[in-house]
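Heads up: the structure comes next, in structure tokens.
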Amino acid sequence: MVKNKLPHSKPRLSVATQNLLIQQSFSQFKFAFQNGAGVWRGSLQPSQISPVYNVLIKYNIGRLPKVWIMNPELHPKAPHRYPDKSLCLYWPEEWSWSYDQDISKTIIPWTAFWLYYYEIWLDTCEWLAKSAPHAPN
């Protein structure tokens, strides 16, 4: 008897696997295991004229990764952030991150794009990236 399996189901990527993949592409991110979660701290500079942003990524298996900018401090009214000040990198009703996806190919590049558009927002007061409607912060 064959067990029922979803034909296209992929295994979850463990925190250890996520770390390996992150280190291959973003060696400036340092890993720690804290309170059952993988935590990466590193820097991103979205353009040559951008400041260097210190980023914190937290990932618990079974939960979505969360991203915070530790410094420089973001403008208090910066859009596309959750109440805990983590970044809103995608609209869950339109697209959903899944546990078989590589943080180094999704979450980290999206963070760099978020920062790029944030800098444009600082200059223009307009969020020029494609975005979904949000309630104000």
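Scheme for the structure tokens: letters A, B, ... for chains in order shown; per-chain residue numbers from 1; ligand numbers from 1 in order shown.
Close contacts of Gln101 of chain A, defined as residues with an atom at most 12 Å away when counting only C-alpha atoms, with chain neighbours fewer than 6 positions off set aside, comprise Ser9, Lys10, Pro11, Arg12, Leu13, Ser14, Val15, Thr17, Gln18, Leu21, Ile22, Ile61, Leu64, Pro65, Ile107 and Ile108 of chain A.
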* To do: Would you list, as a ChimeraX atom specification, the residues of segment 9-126 of chain A that end up in strand (DSSP E) under DSSP run on this structure's backbone?
  => /A:30-34,37-44,53-59,66-71
For the selection you just gave me, I'd like the residues written to a file as a PDB file, in the first residue's frame, keeping N, CA and C atoms.
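Output saved as result_31.pdb:
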```
ATOM      1  N   LYS A  30      25.609  36.908  10.479  1.00  0.00           N
ATOM      2  CA  LYS A  30      26.086  35.988  11.515  1.00  0.00           C
ATOM      3  C   LYS A  30      24.887  35.331  12.185  1.00  0.00           C
ATOM      4  N   PHE A  31      25.035  34.065  12.487  1.00  0.00           N
ATOM      5  CA  PHE A  31      23.941  33.243  12.999  1.00  0.00           C
ATOM      6  C   PHE A  31      24.059  33.024  14.500  1.00  0.00           C
ATOM      7  N   ALA A  32      22.909  32.976  15.153  1.00  0.00           N
ATOM      8  CA  ALA A  32      22.810  32.548  16.552  1.00  0.00           C
ATOM      9  C   ALA A  32      21.498  31.779  16.678  1.00  0.00           C
ATOM     10  N   PHE A  33      21.479  30.829  17.582  1.00  0.00           N
ATOM     11  CA  PHE A  33      20.254  30.093  17.878  1.00  0.00           C
ATOM     12  C   PHE A  33      19.777  30.592  19.225  1.00  0.00           C
ATOM     13  N   GLN A  34      18.612  31.279  19.244  1.00  0.00           N
ATOM     14  CA  GLN A  34      18.126  31.904  20.471  1.00  0.00           C
ATOM     15  C   GLN A  34      16.671  31.531  20.704  1.00  0.00           C
ATOM     16  N   ALA A  37      14.816  29.734  18.016  1.00  0.00           N
ATOM     17  CA  ALA A  37      14.723  30.366  16.695  1.00  0.00           C
ATOM     18  C   ALA A  37      16.115  30.607  16.119  1.00  0.00           C
ATOM     19  N   GLY A  38      16.175  30.568  14.795  1.00  0.00           N
ATOM     20  CA  GLY A  38      17.380  31.008  14.112  1.00  0.00           C
ATOM     21  C   GLY A  38      17.346  32.519  14.017  1.00  0.00           C
ATOM     22  N   VAL A  39      18.449  33.161  14.376  1.00  0.00           N
ATOM     23  CA  VAL A  39      18.540  34.617  14.329  1.00  0.00           C
ATOM     24  C   VAL A  39      19.801  34.978  13.553  1.00  0.00           C
ATOM     25  N   TRP A  40      19.613  35.820  12.550  1.00  0.00           N
ATOM     26  CA  TRP A  40      20.739  36.303  11.760  1.00  0.00           C
ATOM     27  C   TRP A  40      20.816  37.803  11.898  1.00  0.00           C
ATOM     28  N   ARG A  41      22.047  38.293  12.089  1.00  0.00           N
ATOM     29  CA  ARG A  41      22.315  39.724  12.132  1.00  0.00           C
ATOM     30  C   ARG A  41      23.368  40.009  11.073  1.00  0.00           C
ATOM     31  N   GLY A  42      23.068  41.019  10.268  1.00  0.00           N
ATOM     32  CA  GLY A  42      24.012  41.367   9.219  1.00  0.00           C
ATOM     33  C   GLY A  42      23.683  42.729   8.661  1.00  0.00           C
ATOM     34  N   SER A  43      24.407  43.092   7.625  1.00  0.00           N
ATOM     35  CA  SER A  43      24.230  44.423   7.059  1.00  0.00           C
ATOM     36  C   SER A  43      23.847  44.332   5.586  1.00  0.00           C
ATOM     37  N   LEU A  44      23.070  45.326   5.170  1.00  0.00           N
ATOM     38  CA  LEU A  44      22.692  45.479   3.766  1.00  0.00           C
ATOM     39  C   LEU A  44      22.860  46.943   3.394  1.00  0.00           C
ATOM     40  N   TYR A  53      22.654  49.426   6.531  1.00  0.00           N
ATOM     41  CA  TYR A  53      21.586  49.099   7.474  1.00  0.00           C
ATOM     42  C   TYR A  53      21.934  47.800   8.191  1.00  0.00           C
ATOM     43  N   ASN A  54      21.796  47.803   9.502  1.00  0.00           N
ATOM     44  CA  ASN A  54      21.970  46.584  10.291  1.00  0.00           C
ATOM     45  C   ASN A  54      20.612  45.913  10.425  1.00  0.00           C
ATOM     46  N   VAL A  55      20.563  44.662  10.018  1.00  0.00           N
ATOM     47  CA  VAL A  55      19.323  43.912   9.866  1.00  0.00           C
ATOM     48  C   VAL A  55      19.303  42.742  10.835  1.00  0.00           C
ATOM     49  N   LEU A  56      18.138  42.455  11.380  1.00  0.00           N
ATOM     50  CA  LEU A  56      17.927  41.273  12.214  1.00  0.00           C
ATOM     51  C   LEU A  56      16.810  40.449  11.573  1.00  0.00           C
ATOM     52  N   ILE A  57      17.088  39.177  11.351  1.00  0.00           N
ATOM     53  CA  ILE A  57      16.095  38.243  10.814  1.00  0.00           C
ATOM     54  C   ILE A  57      15.884  37.156  11.853  1.00  0.00           C
ATOM     55  N   LYS A  58      14.632  36.877  12.135  1.00  0.00           N
ATOM     56  CA  LYS A  58      14.303  35.826  13.105  1.00  0.00           C
ATOM     57  C   LYS A  58      13.403  34.803  12.412  1.00  0.00           C
ATOM     58  N   TYR A  59      13.765  33.522  12.576  1.00  0.00           N
ATOM     59  CA  TYR A  59      12.990  32.463  11.930  1.00  0.00           C
ATOM     60  C   TYR A  59      12.800  31.285  12.877  1.00  0.00           C
ATOM     61  N   LYS A  66      10.735  36.982  10.234  1.00  0.00           N
ATOM     62  CA  LYS A  66      10.456  38.395  10.520  1.00  0.00           C
ATOM     63  C   LYS A  66      11.765  39.161  10.408  1.00  0.00           C
ATOM     64  N   VAL A  67      11.649  40.404   9.945  1.00  0.00           N
ATOM     65  CA  VAL A  67      12.837  41.225   9.700  1.00  0.00           C
ATOM     66  C   VAL A  67      12.660  42.582  10.366  1.00  0.00           C
ATOM     67  N   TRP A  68      13.702  43.015  11.051  1.00  0.00           N
ATOM     68  CA  TRP A  68      13.745  44.351  11.649  1.00  0.00           C
ATOM     69  C   TRP A  68      15.013  45.059  11.199  1.00  0.00           C
ATOM     70  N   ILE A  69      14.936  46.365  11.078  1.00  0.00           N
ATOM     71  CA  ILE A  69      16.114  47.189  10.851  1.00  0.00           C
ATOM     72  C   ILE A  69      16.527  47.715  12.217  1.00  0.00           C
ATOM     73  N   MET A  70      17.729  47.363  12.631  1.00  0.00           N
ATOM     74  CA  MET A  70      18.196  47.730  13.968  1.00  0.00           C
ATOM     75  C   MET A  70      18.783  49.146  13.991  1.00  0.00           C
ATOM     76  N   ASN A  71      19.522  49.505  12.958  1.00  0.00           N
ATOM     77  CA  ASN A  71      20.013  50.864  12.797  1.00  0.00           C
ATOM     78  C   ASN A  71      20.541  51.044  11.390  1.00  0.00           C
TER      79      ASN A  71
END
```
* Residue list (alpha helix (DSSP H), DSSP) for segment 12-99 of chain A, as a ChimeraX atom specification -> /A:15-25
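Residues lying within 10 Å of Leu115 of chain A, counting only C-alpha atoms and ignoring same-chain neighbours fewer than 5 positions away, are Leu44, Gln45, Pro46, Ser47, Ser50, Pro51, Tyr53, Ile69, Leu74, Leu87, Pro109, Trp110, Ile120 and Trp121 of chain A.
If you measure from each of A:Ser104, A:Trp114, A:Trp97, A:Gly62 to His80 of chain A using only C-alpha atoms, the closest one turns out to be A:Trp114.
Distance check against His75 of chain A using only C-alpha atoms: of A:Lys105, A:Cys125, A:Gly36, A:Trp91, the minimum falls on A:Cys125.
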* Looking at A:Ala16, A:Gln48, A:Gln23, A:Lys85, which one is nearest to Tyr116 of chain A, with distances taken over only C-alpha atoms? -> A:Gln48
